[in-house]
$ cat model_35.cif   # mmCIF, C-alpha atoms and all ligand atoms
data_query
loop_
_atom_site.group_PDB
_atom_site.id
_atom_site.type_symbol
_atom_site.label_atom_id
_atom_site.label_comp_id
_atom_site.auth_asym_id
_atom_site.auth_seq_id
_atom_site.Cartn_x
_atom_site.Cartn_y
_atom_site.Cartn_z
ATOM 1 C CA MET A 1 -18.661 -19.481 -10.288
ATOM 2 C CA LYS A 2 -19.198 -18.532 -6.641
ATOM 3 C CA LYS A 3 -19.090 -14.743 -6.137
ATOM 4 C CA ILE A 4 -17.254 -13.716 -3.004
ATOM 5 C CA LEU A 5 -16.784 -10.272 -1.516
ATOM 6 C CA VAL A 6 -14.037 -9.807 1.065
ATOM 7 C CA VAL A 7 -14.164 -6.675 3.187
ATOM 8 C CA GLY A 8 -10.966 -6.284 5.149
ATOM 9 C CA SER A 9 -7.296 -5.566 5.549
ATOM 10 C CA LEU A 10 -4.267 -5.455 3.296
ATOM 11 C CA ASN A 11 -0.770 -5.511 4.851
ATOM 12 C CA MET A 12 2.753 -5.765 3.597
ATOM 13 C CA ASP A 13 4.271 -8.528 5.712
ATOM 14 C CA PHE A 14 7.821 -8.278 7.032
ATOM 15 C CA SER A 15 8.280 -11.978 7.461
ATOM 16 C CA ILE A 16 11.197 -12.882 9.734
ATOM 17 C CA GLU A 17 12.518 -16.410 10.294
ATOM 18 C CA ILE A 18 14.002 -16.873 13.756
ATOM 19 C CA SER A 19 15.243 -19.868 15.730
ATOM 20 C CA LYS A 20 13.066 -18.952 18.736
ATOM 21 C CA PHE A 21 10.737 -16.145 19.788
ATOM 22 C CA PRO A 22 12.466 -13.566 22.015
ATOM 23 C CA ARG A 23 11.449 -13.507 25.679
ATOM 24 C CA ASN A 24 10.925 -10.355 27.749
ATOM 25 C CA GLY A 25 14.028 -8.194 27.481
ATOM 26 C CA GLU A 26 15.759 -10.639 25.138
ATOM 27 C CA THR A 27 17.242 -9.862 21.714
ATOM 28 C CA VAL A 28 17.489 -12.678 19.191
ATOM 29 C CA LEU A 29 19.137 -12.742 15.780
ATOM 30 C CA GLY A 30 16.774 -13.385 12.873
ATOM 31 C CA LYS A 31 17.792 -15.576 9.926
ATOM 32 C CA THR A 32 15.999 -13.965 6.964
ATOM 33 C CA MET A 33 13.511 -11.173 6.331
ATOM 34 C CA SER A 34 11.181 -11.190 3.304
ATOM 35 C CA LEU A 35 8.539 -8.717 2.140
ATOM 36 C CA ILE A 36 5.415 -10.703 1.256
ATOM 37 C CA PRO A 37 1.879 -9.506 0.416
ATOM 38 C CA GLY A 38 -0.426 -10.265 3.330
ATOM 39 C CA GLY A 39 -3.236 -8.920 5.488
ATOM 40 C CA LYS A 40 -6.031 -11.204 6.588
ATOM 41 C CA GLY A 41 -8.559 -9.740 4.164
ATOM 42 C CA ALA A 42 -6.220 -9.691 1.174
ATOM 43 C CA ASN A 43 -5.047 -13.236 1.936
ATOM 44 C CA GLN A 44 -8.655 -14.398 1.908
ATOM 45 C CA ALA A 45 -9.419 -12.583 -1.345
ATOM 46 C CA TYR A 46 -6.269 -13.949 -2.977
ATOM 47 C CA ALA A 47 -6.983 -17.496 -1.796
ATOM 48 C CA ALA A 48 -10.640 -17.491 -2.857
ATOM 49 C CA ALA A 49 -9.659 -16.188 -6.311
ATOM 50 C CA LYS A 50 -6.740 -18.587 -6.784
ATOM 51 C CA LEU A 51 -8.998 -21.481 -5.849
ATOM 52 C CA GLY A 52 -11.487 -20.521 -8.543
ATOM 53 C CA GLY A 53 -13.852 -17.937 -7.041
ATOM 54 C CA ASN A 54 -15.067 -14.727 -8.642
ATOM 55 C CA VAL A 55 -13.739 -12.328 -6.003
ATOM 56 C CA SER A 56 -14.024 -8.620 -5.175
ATOM 57 C CA MET A 57 -12.426 -6.800 -2.293
ATOM 58 C CA VAL A 58 -13.282 -3.654 -0.349
ATOM 59 C CA GLY A 59 -10.426 -2.221 1.710
ATOM 60 C CA ALA A 60 -7.855 0.551 1.830
ATOM 61 C CA VAL A 61 -4.138 1.048 1.221
ATOM 62 C CA GLY A 62 -1.945 4.132 1.434
ATOM 63 C CA ASP A 63 -0.720 6.032 -1.622
ATOM 64 C CA ASP A 64 2.692 4.369 -1.376
ATOM 65 C CA SER A 65 4.569 1.606 -3.179
ATOM 66 C CA PHE A 66 3.470 -1.091 -0.710
ATOM 67 C CA GLY A 67 -0.153 -0.228 -1.473
ATOM 68 C CA GLU A 68 0.499 -0.539 -5.205
ATOM 69 C CA MET A 69 2.245 -3.884 -4.748
ATOM 70 C CA LEU A 70 -0.604 -5.294 -2.660
ATOM 71 C CA VAL A 71 -3.297 -4.231 -5.128
ATOM 72 C CA SER A 72 -1.266 -5.536 -8.101
ATOM 73 C CA ASN A 73 -0.788 -8.897 -6.425
ATOM 74 C CA LEU A 74 -4.557 -9.273 -6.038
ATOM 75 C CA GLN A 75 -5.070 -8.258 -9.663
ATOM 76 C CA LEU A 76 -2.674 -11.023 -10.738
ATOM 77 C CA VAL A 77 -5.300 -13.565 -9.630
ATOM 78 C CA ASN A 78 -8.168 -11.482 -11.085
ATOM 79 C CA VAL A 79 -9.553 -10.042 -7.864
ATOM 80 C CA ASP A 80 -11.761 -7.012 -8.635
ATOM 81 C CA THR A 81 -9.902 -4.292 -6.708
ATOM 82 C CA SER A 82 -12.213 -1.411 -7.653
ATOM 83 C CA GLY A 83 -13.412 -1.286 -4.025
ATOM 84 C CA ILE A 84 -9.906 -0.745 -2.598
ATOM 85 C CA ALA A 85 -9.344 2.919 -1.780
ATOM 86 C CA ARG A 86 -5.928 4.566 -1.916
ATOM 87 C CA ILE A 87 -5.765 6.952 1.038
ATOM 88 C CA LYS A 88 -3.500 9.992 0.657
ATOM 89 C CA GLY A 89 -0.914 10.696 3.354
ATOM 90 C CA VAL A 90 -1.512 7.452 5.267
ATOM 91 C CA PRO A 91 0.838 4.451 5.116
ATOM 92 C CA THR A 92 -0.299 1.048 3.902
ATOM 93 C CA GLY A 93 -0.795 -1.487 6.700
ATOM 94 C CA ASN A 94 2.218 -3.544 7.772
ATOM 95 C CA ALA A 95 2.624 -6.749 9.693
ATOM 96 C CA PHE A 96 5.735 -8.017 11.453
ATOM 97 C CA VAL A 97 5.575 -11.786 11.343
ATOM 98 C CA MET A 98 8.075 -13.853 13.370
ATOM 99 C CA ILE A 99 8.242 -17.509 12.382
ATOM 100 C CA GLU A 100 9.878 -20.284 14.412
ATOM 101 C CA PRO A 101 11.318 -23.399 12.708
ATOM 102 C CA ASP A 102 8.185 -25.437 13.520
ATOM 103 C CA GLY A 103 6.152 -22.928 11.473
ATOM 104 C CA ASN A 104 4.416 -21.209 14.383
ATOM 105 C CA ASN A 105 4.221 -17.452 14.226
ATOM 106 C CA ARG A 106 3.647 -14.323 16.275
ATOM 107 C CA ILE A 107 2.370 -11.256 14.457
ATOM 108 C CA ILE A 108 2.236 -7.536 15.181
ATOM 109 C CA VAL A 109 0.043 -5.464 12.847
ATOM 110 C CA ILE A 110 0.332 -1.727 12.269
ATOM 111 C CA GLN A 111 -3.072 -0.962 10.771
ATOM 112 C CA GLY A 112 -2.195 2.132 8.716
ATOM 113 C CA ALA A 113 -4.762 2.688 5.953
ATOM 114 C CA ASN A 114 -6.849 -0.282 7.143
ATOM 115 C CA LYS A 115 -8.111 2.012 9.905
ATOM 116 C CA CYS A 116 -9.490 4.442 7.314
ATOM 117 C CA ILE A 117 -12.235 2.173 5.961
ATOM 118 C CA ASP A 118 -15.560 3.570 7.116
ATOM 119 C CA CYS A 119 -19.243 2.829 6.585
ATOM 120 C CA LYS A 120 -19.346 5.368 3.739
ATOM 121 C CA ALA A 121 -16.835 3.203 1.868
ATOM 122 C CA ILE A 122 -19.253 0.299 2.263
ATOM 123 C CA ASP A 123 -22.178 2.387 0.960
ATOM 124 C CA LYS A 124 -20.044 3.474 -1.976
ATOM 125 C CA ASN A 125 -19.383 -0.173 -2.827
ATOM 126 C CA ILE A 126 -22.803 -1.550 -1.957
ATOM 127 C CA ARG A 127 -23.119 -2.885 -5.543
ATOM 128 C CA LEU A 128 -20.373 -5.377 -4.634
ATOM 129 C CA ILE A 129 -22.469 -6.712 -1.741
ATOM 130 C CA ASP A 130 -25.519 -6.838 -4.035
ATOM 131 C CA ALA A 131 -23.574 -8.811 -6.632
ATOM 132 C CA CYS A 132 -22.013 -11.462 -4.388
ATOM 133 C CA ASP A 133 -23.171 -14.752 -2.861
ATOM 134 C CA VAL A 134 -20.921 -14.707 0.210
ATOM 135 C CA VAL A 135 -19.367 -11.882 2.238
ATOM 136 C CA ILE A 136 -16.220 -12.573 4.281
ATOM 137 C CA VAL A 137 -15.084 -10.140 6.945
ATOM 138 C CA GLN A 138 -12.378 -10.160 9.650
ATOM 139 C CA LEU A 139 -11.330 -7.783 12.443
ATOM 140 C CA GLU A 140 -8.293 -5.844 11.163
ATOM 141 C CA ILE A 141 -10.628 -2.994 10.168
ATOM 142 C CA PRO A 142 -12.803 -0.821 12.455
ATOM 143 C CA ILE A 143 -15.385 -2.915 14.334
ATOM 144 C CA GLU A 144 -18.267 -0.568 13.420
ATOM 145 C CA VAL A 145 -17.526 -1.285 9.764
ATOM 146 C CA VAL A 146 -17.538 -5.027 10.455
ATOM 147 C CA ALA A 147 -20.947 -4.647 12.110
ATOM 148 C CA TYR A 148 -22.294 -2.571 9.214
ATOM 149 C CA VAL A 149 -21.053 -5.018 6.572
ATOM 150 C CA CYS A 150 -22.593 -7.998 8.378
ATOM 151 C CA LYS A 151 -25.920 -6.186 8.749
ATOM 152 C CA GLU A 152 -26.093 -4.953 5.147
ATOM 153 C CA ALA A 153 -25.037 -8.334 3.777
ATOM 154 C CA LYS A 154 -27.643 -10.211 5.822
ATOM 155 C CA ARG A 155 -30.320 -7.667 4.838
ATOM 156 C CA ARG A 156 -29.584 -8.745 1.259
ATOM 157 C CA ASN A 157 -29.731 -12.464 2.135
ATOM 158 C CA LYS A 158 -26.032 -13.090 1.582
ATOM 159 C CA ILE A 159 -24.076 -15.765 3.429
ATOM 160 C CA VAL A 160 -21.970 -13.970 6.060
ATOM 161 C CA VAL A 161 -18.670 -15.570 7.106
ATOM 162 C CA LEU A 162 -16.848 -13.901 9.996
ATOM 163 C CA ASP A 163 -13.207 -14.675 10.763
ATOM 164 C CA PRO A 164 -12.853 -13.035 14.204
ATOM 165 C CA ALA A 165 -9.132 -12.322 13.902
ATOM 166 C CA PRO A 166 -7.517 -10.638 15.667
ATOM 167 C CA ALA A 167 -10.074 -11.381 18.389
ATOM 168 C CA ILE A 168 -11.270 -8.703 20.791
ATOM 169 C CA LYS A 169 -12.691 -9.258 24.272
ATOM 170 C CA ASN A 170 -15.687 -6.964 23.964
ATOM 171 C CA PHE A 171 -16.903 -8.125 20.580
ATOM 172 C CA PRO A 172 -20.350 -6.501 20.074
ATOM 173 C CA LEU A 173 -22.983 -9.148 20.768
ATOM 174 C CA ASP A 174 -25.495 -7.704 18.310
ATOM 175 C CA ILE A 175 -23.311 -8.716 15.334
ATOM 176 C CA PHE A 176 -23.832 -12.445 15.913
ATOM 177 C CA LYS A 177 -27.405 -12.452 14.618
ATOM 178 C CA TYR A 178 -26.117 -11.565 11.151
ATOM 179 C CA VAL A 179 -23.416 -14.249 11.114
ATOM 180 C CA ASP A 180 -23.904 -17.562 9.330
ATOM 181 C CA VAL A 181 -20.444 -18.956 9.999
ATOM 182 C CA ILE A 182 -17.839 -17.831 12.520
ATOM 183 C CA LYS A 183 -14.344 -19.312 12.248
ATOM 184 C CA PRO A 184 -12.186 -18.647 15.303
ATOM 185 C CA ASN A 185 -8.991 -20.508 16.132
ATOM 186 C CA GLU A 186 -8.603 -21.791 19.709
ATOM 187 C CA THR A 187 -7.017 -18.571 20.979
ATOM 188 C CA GLU A 188 -9.658 -16.387 19.356
ATOM 189 C CA LEU A 189 -12.427 -18.627 20.701
ATOM 190 C CA ALA A 190 -11.030 -18.189 24.222
ATOM 191 C CA ILE A 191 -10.785 -14.396 23.889
ATOM 192 C CA LEU A 192 -14.280 -14.034 22.409
ATOM 193 C CA THR A 193 -15.985 -16.172 25.033
ATOM 194 C CA GLY A 194 -13.792 -15.830 28.136
ATOM 195 C CA HIS A 195 -13.716 -19.664 28.273
ATOM 196 C CA GLU A 196 -10.628 -21.842 28.369
ATOM 197 C CA THR A 197 -10.004 -23.827 25.191
ATOM 198 C CA GLU A 198 -7.404 -26.269 26.493
ATOM 199 C CA CYS A 199 -9.272 -29.515 25.748
ATOM 200 C CA ARG A 200 -12.065 -30.720 23.472
ATOM 201 C CA ASP A 201 -14.777 -30.255 26.105
ATOM 202 C CA ASP A 202 -13.649 -26.653 26.699
ATOM 203 C CA ILE A 203 -13.687 -25.957 22.974
ATOM 204 C CA LEU A 204 -17.169 -27.391 22.552
ATOM 205 C CA ALA A 205 -18.467 -25.394 25.515
ATOM 206 C CA ALA A 206 -16.940 -22.192 24.162
ATOM 207 C CA GLY A 207 -18.307 -22.885 20.673
ATOM 208 C CA LYS A 208 -21.798 -23.343 22.115
ATOM 209 C CA VAL A 209 -21.510 -19.881 23.671
ATOM 210 C CA LEU A 210 -21.135 -18.397 20.183
ATOM 211 C CA ILE A 211 -24.155 -20.410 19.001
ATOM 212 C CA GLN A 212 -26.181 -19.100 21.949
ATOM 213 C CA ARG A 213 -25.124 -15.576 20.994
ATOM 214 C CA GLY A 214 -26.670 -16.096 17.541
ATOM 215 C CA ALA A 215 -24.033 -17.524 15.169
ATOM 216 C CA LYS A 216 -25.558 -20.362 13.129
ATOM 217 C CA VAL A 217 -22.400 -22.383 12.545
ATOM 218 C CA VAL A 218 -19.094 -22.334 14.442
ATOM 219 C CA VAL A 219 -16.032 -23.777 12.753
ATOM 220 C CA ALA A 220 -13.132 -23.661 15.203
ATOM 221 C CA THR A 221 -9.713 -24.396 13.760
ATOM 222 C CA LEU A 222 -7.338 -26.301 16.046
ATOM 223 C CA GLY A 223 -3.981 -25.901 14.296
ATOM 224 C CA GLY A 224 -2.320 -29.230 13.478
ATOM 225 C CA SER A 225 -5.194 -31.069 15.199
ATOM 226 C CA GLY A 226 -7.757 -30.059 12.558
ATOM 227 C CA ALA A 227 -11.082 -28.335 13.093
ATOM 228 C CA VAL A 228 -14.403 -28.799 14.837
ATOM 229 C CA LEU A 229 -17.857 -28.015 13.499
ATOM 230 C CA ILE A 230 -20.342 -26.891 16.155
ATOM 231 C CA LYS A 231 -24.035 -26.273 15.537
ATOM 232 C CA LYS A 232 -27.014 -25.994 17.884
ATOM 233 C CA ASP A 233 -27.632 -29.719 18.043
ATOM 234 C CA MET A 234 -24.434 -31.395 16.833
ATOM 235 C CA HIS A 235 -20.667 -31.239 16.683
ATOM 236 C CA GLN A 236 -18.024 -33.093 14.718
ATOM 237 C CA PHE A 237 -14.211 -33.115 14.838
ATOM 238 C CA PHE A 238 -12.210 -33.206 11.608
ATOM 239 C CA PRO A 239 -8.566 -34.306 12.020
ATOM 240 C CA ALA A 240 -5.927 -32.509 9.963
ATOM 241 C CA LYS A 241 -3.603 -34.219 7.527
ATOM 242 C CA LYS A 242 -0.136 -34.570 9.099
ATOM 243 C CA VAL A 243 2.307 -32.441 7.138
ATOM 244 C CA ASP A 244 5.728 -30.861 7.752
ATOM 245 C CA ALA A 245 4.788 -27.287 8.573
ATOM 246 C CA VAL A 246 7.338 -24.588 7.788
ATOM 247 C CA ASP A 247 5.166 -21.462 8.145
ATOM 248 C CA THR A 248 1.574 -21.298 9.378
ATOM 249 C CA THR A 249 1.072 -17.675 8.252
ATOM 250 C CA ALA A 250 -2.275 -17.259 6.424
ATOM 251 C CA ALA A 251 -3.348 -20.873 7.064
ATOM 252 C CA GLY A 252 -6.424 -19.616 8.947
ATOM 253 C CA ASP A 253 -7.183 -17.007 6.275
ATOM 254 C CA CYS A 254 -7.009 -19.647 3.561
ATOM 255 C CA PHE A 255 -9.184 -22.000 5.588
ATOM 256 C CA THR A 256 -11.839 -19.275 5.808
ATOM 257 C CA ALA A 257 -11.614 -18.432 2.110
ATOM 258 C CA ALA A 258 -11.755 -22.072 1.012
ATOM 259 C CA PHE A 259 -14.647 -22.778 3.378
ATOM 260 C CA ALA A 260 -16.570 -19.759 2.029
ATOM 261 C CA LEU A 261 -15.937 -20.883 -1.533
ATOM 262 C CA ALA A 262 -17.219 -24.400 -0.911
ATOM 263 C CA PHE A 263 -20.082 -23.565 1.474
ATOM 264 C CA ASN A 264 -23.627 -23.419 0.097
ATOM 265 C CA GLY A 265 -25.389 -22.886 3.428
ATOM 266 C CA ASN A 266 -25.930 -26.563 3.975
ATOM 267 C CA ASN A 267 -22.711 -28.493 3.439
ATOM 268 C CA SER A 268 -20.431 -27.512 6.340
ATOM 269 C CA GLU A 269 -18.789 -30.961 6.527
ATOM 270 C CA TYR A 270 -17.707 -30.885 2.885
ATOM 271 C CA ALA A 271 -16.563 -27.253 3.147
ATOM 272 C CA ILE A 272 -14.431 -28.032 6.232
ATOM 273 C CA LYS A 273 -12.726 -30.960 4.507
ATOM 274 C CA PHE A 274 -12.005 -28.803 1.449
ATOM 275 C CA ALA A 275 -10.691 -25.948 3.612
ATOM 276 C CA GLY A 276 -8.543 -28.348 5.627
ATOM 277 C CA ARG A 277 -6.845 -29.614 2.463
ATOM 278 C CA VAL A 278 -6.036 -26.073 1.382
ATOM 279 C CA SER A 279 -4.588 -25.135 4.795
ATOM 280 C CA SER A 280 -2.493 -28.307 4.851
ATOM 281 C CA ILE A 281 -0.708 -27.115 1.726
ATOM 282 C CA VAL A 282 -0.379 -23.518 2.911
ATOM 283 C CA VAL A 283 1.572 -24.482 6.040
ATOM 284 C CA THR A 284 4.166 -26.375 3.986
ATOM 285 C CA ARG A 285 5.125 -23.166 2.155
ATOM 286 C CA LYS A 286 6.607 -19.872 3.289
ATOM 287 C CA GLY A 287 4.763 -16.574 3.527
ATOM 288 C CA ALA A 288 1.158 -15.409 3.295
ATOM 289 C CA GLN A 289 -0.080 -14.994 -0.288
ATOM 290 C CA SER A 290 3.075 -16.708 -1.572
ATOM 291 C CA SER A 291 1.940 -19.965 0.050
ATOM 292 C CA ILE A 292 -1.569 -20.174 -1.426
ATOM 293 C CA PRO A 293 -2.245 -23.001 -3.906
ATOM 294 C CA SER A 294 -4.325 -22.801 -7.064
ATOM 295 C CA SER A 295 -7.210 -25.193 -7.628
ATOM 296 C CA ALA A 296 -4.986 -27.190 -10.037
ATOM 297 C CA GLU A 297 -2.201 -27.488 -7.433
ATOM 298 C CA LEU A 298 -4.764 -28.623 -4.916
ATOM 299 C CA LEU A 299 -5.910 -31.423 -7.220
ATOM 300 C CA ASN A 300 -2.373 -32.574 -7.948
ATOM 301 C CA TRP A 301 -0.778 -32.168 -4.526
ATOM 302 C CA SER A 302 1.082 -35.345 -3.654
ATOM 303 C CA GLY A 303 0.644 -34.814 0.089
ATOM 304 C CA PHE A 304 -2.892 -36.284 -0.004
HETATM 305 O O1 LIG A 401 -3.261 -14.116 9.079
HETATM 306 C C1 LIG A 401 -2.006 -13.770 8.591
HETATM 307 C C2 LIG A 401 -1.936 -12.311 8.347
HETATM 308 O O2 LIG A 401 -2.113 -11.635 9.572
HETATM 309 C C3 LIG A 401 -0.617 -11.817 7.820
HETATM 310 O O3 LIG A 401 -0.530 -11.868 6.421
HETATM 311 C C4 LIG A 401 -0.518 -10.436 8.416
HETATM 312 O O4 LIG A 401 -0.581 -9.423 7.466
HETATM 313 C C5 LIG A 401 -1.645 -10.327 9.432
HETATM 314 O O5 LIG A 401 -2.702 -9.592 8.957
#
$ encode --input "model_35.cif" --output "structure tokens"
Amino acid sequence: MKKILVVGSLNMDFSIEISKFPRNGETVLGKTMSLIPGGKGANQAYAAAKLGGNVSMVGAVGDDSFGEMLVSNLQLVNVDTSGIARIKGVPTGNAFVMIEPDGNNRIIVIQGANKCIDCKAIDKNIRLIDACDVVIVQLEIPIEVVAYVCKEAKRRNKIVVLDPAPAIKNFPLDIFKYVDVIKPNETELAILTGHETECRDDILAAGKVLIQRGAKVVVATLGGSGAVLIKKDMHQFFPAKKVDAVDTTAAGDCFTAAFALAFNGNNSEYAIKFAGRVSSIVVTRKGAQSSIPSSAELLNWSGF
């Protein structure tokens, strides 16, 4: 069984269905509000475990009931949560997720305890890096910790998968040399590179920038249009299955987790197809971790 370590965030999502996003100065009435376990890191850990991986997570929650709920939810799918610290006097991370009827979302994250992960926490849990095959990391935790994790994982010859979400403009260039796979969506690709990503040519040009910076493989997700694989000397587009999306929350996280689970260093095409199938299911269901299919559901899903 593939051993995956996720280093990253845990958030309690306040998931709000609305008929349209409010504009500047506008108030809109929401339809429903649900509390759903989320956080990009926790979503990835949950997805990788539910799809059949042997998964550990390093992260932090507050010493409050949300923190307990988030850790318990991961334990339900057998994620090893021994690397998740409970920080006294700091609230667990929260996310406010607005979802329009077509499934698109806008998210505001209050980092809370996710900000408290430091490099010492990584050293303390270095056995989890030693024990895994693949390390997944995203950007809802301090960037110096992201850099440290990538470096320590690569030093140990692990496959490093970086989901650069939420993207930052001044992403440290020296991290790229440790990254095997980077998986931005179109918006994140634009922010990371300063390039437009309006059409296929733009996306390819921006992806090549990340390759020039040192990433070995770029997998850019393009929402309902699918994904594109970009390497030094090739690229390939992968169309997405057409489905009725109700909520795209965590679709990117699940894509990353599924890709990491399937990827052996040499089979990007297969891993993208597998990840695309998982994301296609996720967007037809509401919420973050609540939308993630098991490997059995994936096999039996009638949408394919
Ligand atoms: O990617 C989706 C996730 O982003 C949500 O679950 C929310 O917690 C934010 O981290």
$ residues_around --input "model_35.cif" --residues "Tyr148 of chain A" --least-positions-apart "3" --cutoff "10 Å" --atoms "all atoms listed in the file" --output "ChimeraX atom specification"
/A:118-119,122-123,143-145,151-154,175,178
$ closest_residue --input "model_35.cif" --among "A:Ser19, A:Ser34, A:Asn11, A:Gln212" --to "Val71 of chain A" --atoms "only C-alpha atoms"
A:Asn11
$ atom_distance --input "model_35.cif" --atom1 "atom CA of Thr81 of chain A" --atom2 "atom O1 of ligand LIG 401 (chain A)"
19.7 Å
$ atom_distance --input "model_35.cif" --atom1 "atom C1 of ligand LIG 401 (chain A)" --atom2 "atom CA of Val79 of chain A"
18.5 Å
$ resolve_selection --input "model_35.cif" --expression "the PyMOL selection byres (((not hetatm)) within 6 of (chain A and resi 401))" --output "PyMOL selection string"
chain A and resi 11+13+38-40+95+249-250+253+288
$ resolve_selection --input "model_35.cif" --expression "the PyMOL selection byres (((chain A and resi 289) around 12) and not hetatm)" --output "PDB file with C-alpha atoms, in the frame of the given file"
ATOM      1  CA  LEU A  10      -4.267  -5.455   3.296  1.00  0.00           C
ATOM      2  CA  ASN A  11      -0.770  -5.511   4.851  1.00  0.00           C
ATOM      3  CA  MET A  12       2.753  -5.765   3.597  1.00  0.00           C
ATOM      4  CA  ASP A  13       4.271  -8.528   5.712  1.00  0.00           C
ATOM      5  CA  SER A  15       8.280 -11.978   7.461  1.00  0.00           C
ATOM      6  CA  LEU A  35       8.539  -8.717   2.140  1.00  0.00           C
ATOM      7  CA  ILE A  36       5.415 -10.703   1.256  1.00  0.00           C
ATOM      8  CA  PRO A  37       1.879  -9.506   0.416  1.00  0.00           C
ATOM      9  CA  GLY A  38      -0.426 -10.265   3.330  1.00  0.00           C
ATOM     10  CA  GLY A  39      -3.236  -8.920   5.488  1.00  0.00           C
ATOM     11  CA  LYS A  40      -6.031 -11.204   6.588  1.00  0.00           C
ATOM     12  CA  GLY A  41      -8.559  -9.740   4.164  1.00  0.00           C
ATOM     13  CA  ALA A  42      -6.220  -9.691   1.174  1.00  0.00           C
ATOM     14  CA  ASN A  43      -5.047 -13.236   1.936  1.00  0.00           C
ATOM     15  CA  GLN A  44      -8.655 -14.398   1.908  1.00  0.00           C
ATOM     16  CA  ALA A  45      -9.419 -12.583  -1.345  1.00  0.00           C
ATOM     17  CA  TYR A  46      -6.269 -13.949  -2.977  1.00  0.00           C
ATOM     18  CA  ALA A  47      -6.983 -17.496  -1.796  1.00  0.00           C
ATOM     19  CA  ALA A  48     -10.640 -17.491  -2.857  1.00  0.00           C
ATOM     20  CA  ALA A  49      -9.659 -16.188  -6.311  1.00  0.00           C
ATOM     21  CA  LYS A  50      -6.740 -18.587  -6.784  1.00  0.00           C
ATOM     22  CA  LEU A  70      -0.604  -5.294  -2.660  1.00  0.00           C
ATOM     23  CA  ASN A  73      -0.788  -8.897  -6.425  1.00  0.00           C
ATOM     24  CA  LEU A  74      -4.557  -9.273  -6.038  1.00  0.00           C
ATOM     25  CA  LEU A  76      -2.674 -11.023 -10.738  1.00  0.00           C
ATOM     26  CA  VAL A  77      -5.300 -13.565  -9.630  1.00  0.00           C
ATOM     27  CA  ASP A 247       5.166 -21.462   8.145  1.00  0.00           C
ATOM     28  CA  THR A 248       1.574 -21.298   9.378  1.00  0.00           C
ATOM     29  CA  THR A 249       1.072 -17.675   8.252  1.00  0.00           C
ATOM     30  CA  ALA A 250      -2.275 -17.259   6.424  1.00  0.00           C
ATOM     31  CA  ALA A 251      -3.348 -20.873   7.064  1.00  0.00           C
ATOM     32  CA  ASP A 253      -7.183 -17.007   6.275  1.00  0.00           C
ATOM     33  CA  CYS A 254      -7.009 -19.647   3.561  1.00  0.00           C
ATOM     34  CA  VAL A 282      -0.379 -23.518   2.911  1.00  0.00           C
ATOM     35  CA  VAL A 283       1.572 -24.482   6.040  1.00  0.00           C
ATOM     36  CA  ARG A 285       5.125 -23.166   2.155  1.00  0.00           C
ATOM     37  CA  LYS A 286       6.607 -19.872   3.289  1.00  0.00           C
ATOM     38  CA  GLY A 287       4.763 -16.574   3.527  1.00  0.00           C
ATOM     39  CA  ALA A 288       1.158 -15.409   3.295  1.00  0.00           C
ATOM     40  CA  SER A 290       3.075 -16.708  -1.572  1.00  0.00           C
ATOM     41  CA  SER A 291       1.940 -19.965   0.050  1.00  0.00           C
ATOM     42  CA  ILE A 292      -1.569 -20.174  -1.426  1.00  0.00           C
ATOM     43  CA  PRO A 293      -2.245 -23.001  -3.906  1.00  0.00           C
ATOM     44  CA  SER A 294      -4.325 -22.801  -7.064  1.00  0.00           C
TER      45      SER A 294
END
$ resolve_selection --input "model_35.cif" --expression "the PyMOL selection byres (((chain A and resi 130-136) around 7) and not hetatm)" --output "PyMOL selection string"
chain A and resi 2-7+126-129+137+153+156+158-162+260
$ axis_aligned_box --input "model_35.cif" --around "segment 184-200 of chain A" --padding-each-side "6 Å" --output "AutoDock Vina command-line options"
--center_x -11.5 --center_y -22.4 --center_z 21.8 --size_x 21.0 --size_y 28.7 --size_z 25.1
$ closest_residue --input "model_35.cif" --among "A:Ala271, A:Met234, A:Ile84, A:Ala258" --to "Leu298 of chain A" --atoms "only C-alpha atoms"
A:Ala258
$ closest_residue --input "model_35.cif" --among "A:Gly224, A:Arg213, A:Phe274, A:Asn170" --to "Leu192 of chain A" --atoms "all atoms listed in the file"
A:Asn170
$ closest_residue --input "model_35.cif" --among "A:Gly93, A:Gly103, A:Gly53, A:Gly214" --to "Ser295 of chain A" --atoms "only C-alpha atoms"
A:Gly53
$ closest_residue --input "model_35.cif" --among "A:Thr284, A:Ser82, A:Thr32, A:Asn114" --to "Leu139 of chain A" --atoms "only C-alpha atoms"
A:Asn114
$ decode --input "model_35.cif" --residues "segment 135-150 of chain A" --atoms "C-alpha atoms" --output "compact mmCIF listing (two decimals), in the first residue's frame"
# COMPACT_ATOMS: atom_id res chain seq x y z
CA VAL A 135 4.99 13.78 0.68
CA ILE A 136 2.15 16.16 -0.21
CA VAL A 137 2.25 19.78 0.90
CA GLN A 138 0.14 22.89 0.19
CA LEU A 139 0.33 26.57 1.18
CA GLU A 140 -2.13 27.06 4.07
CA ILE A 141 0.78 26.68 6.51
CA PRO A 142 3.85 28.94 6.90
CA ILE A 143 5.93 29.03 3.70
CA GLU A 144 9.21 28.36 5.56
CA VAL A 145 7.71 25.09 6.77
CA VAL A 146 6.68 24.20 3.21
CA ALA A 147 10.26 24.85 2.08
CA TYR A 148 11.70 22.76 4.93
CA VAL A 149 9.37 19.83 4.28
CA CYS A 150 10.19 19.79 0.56
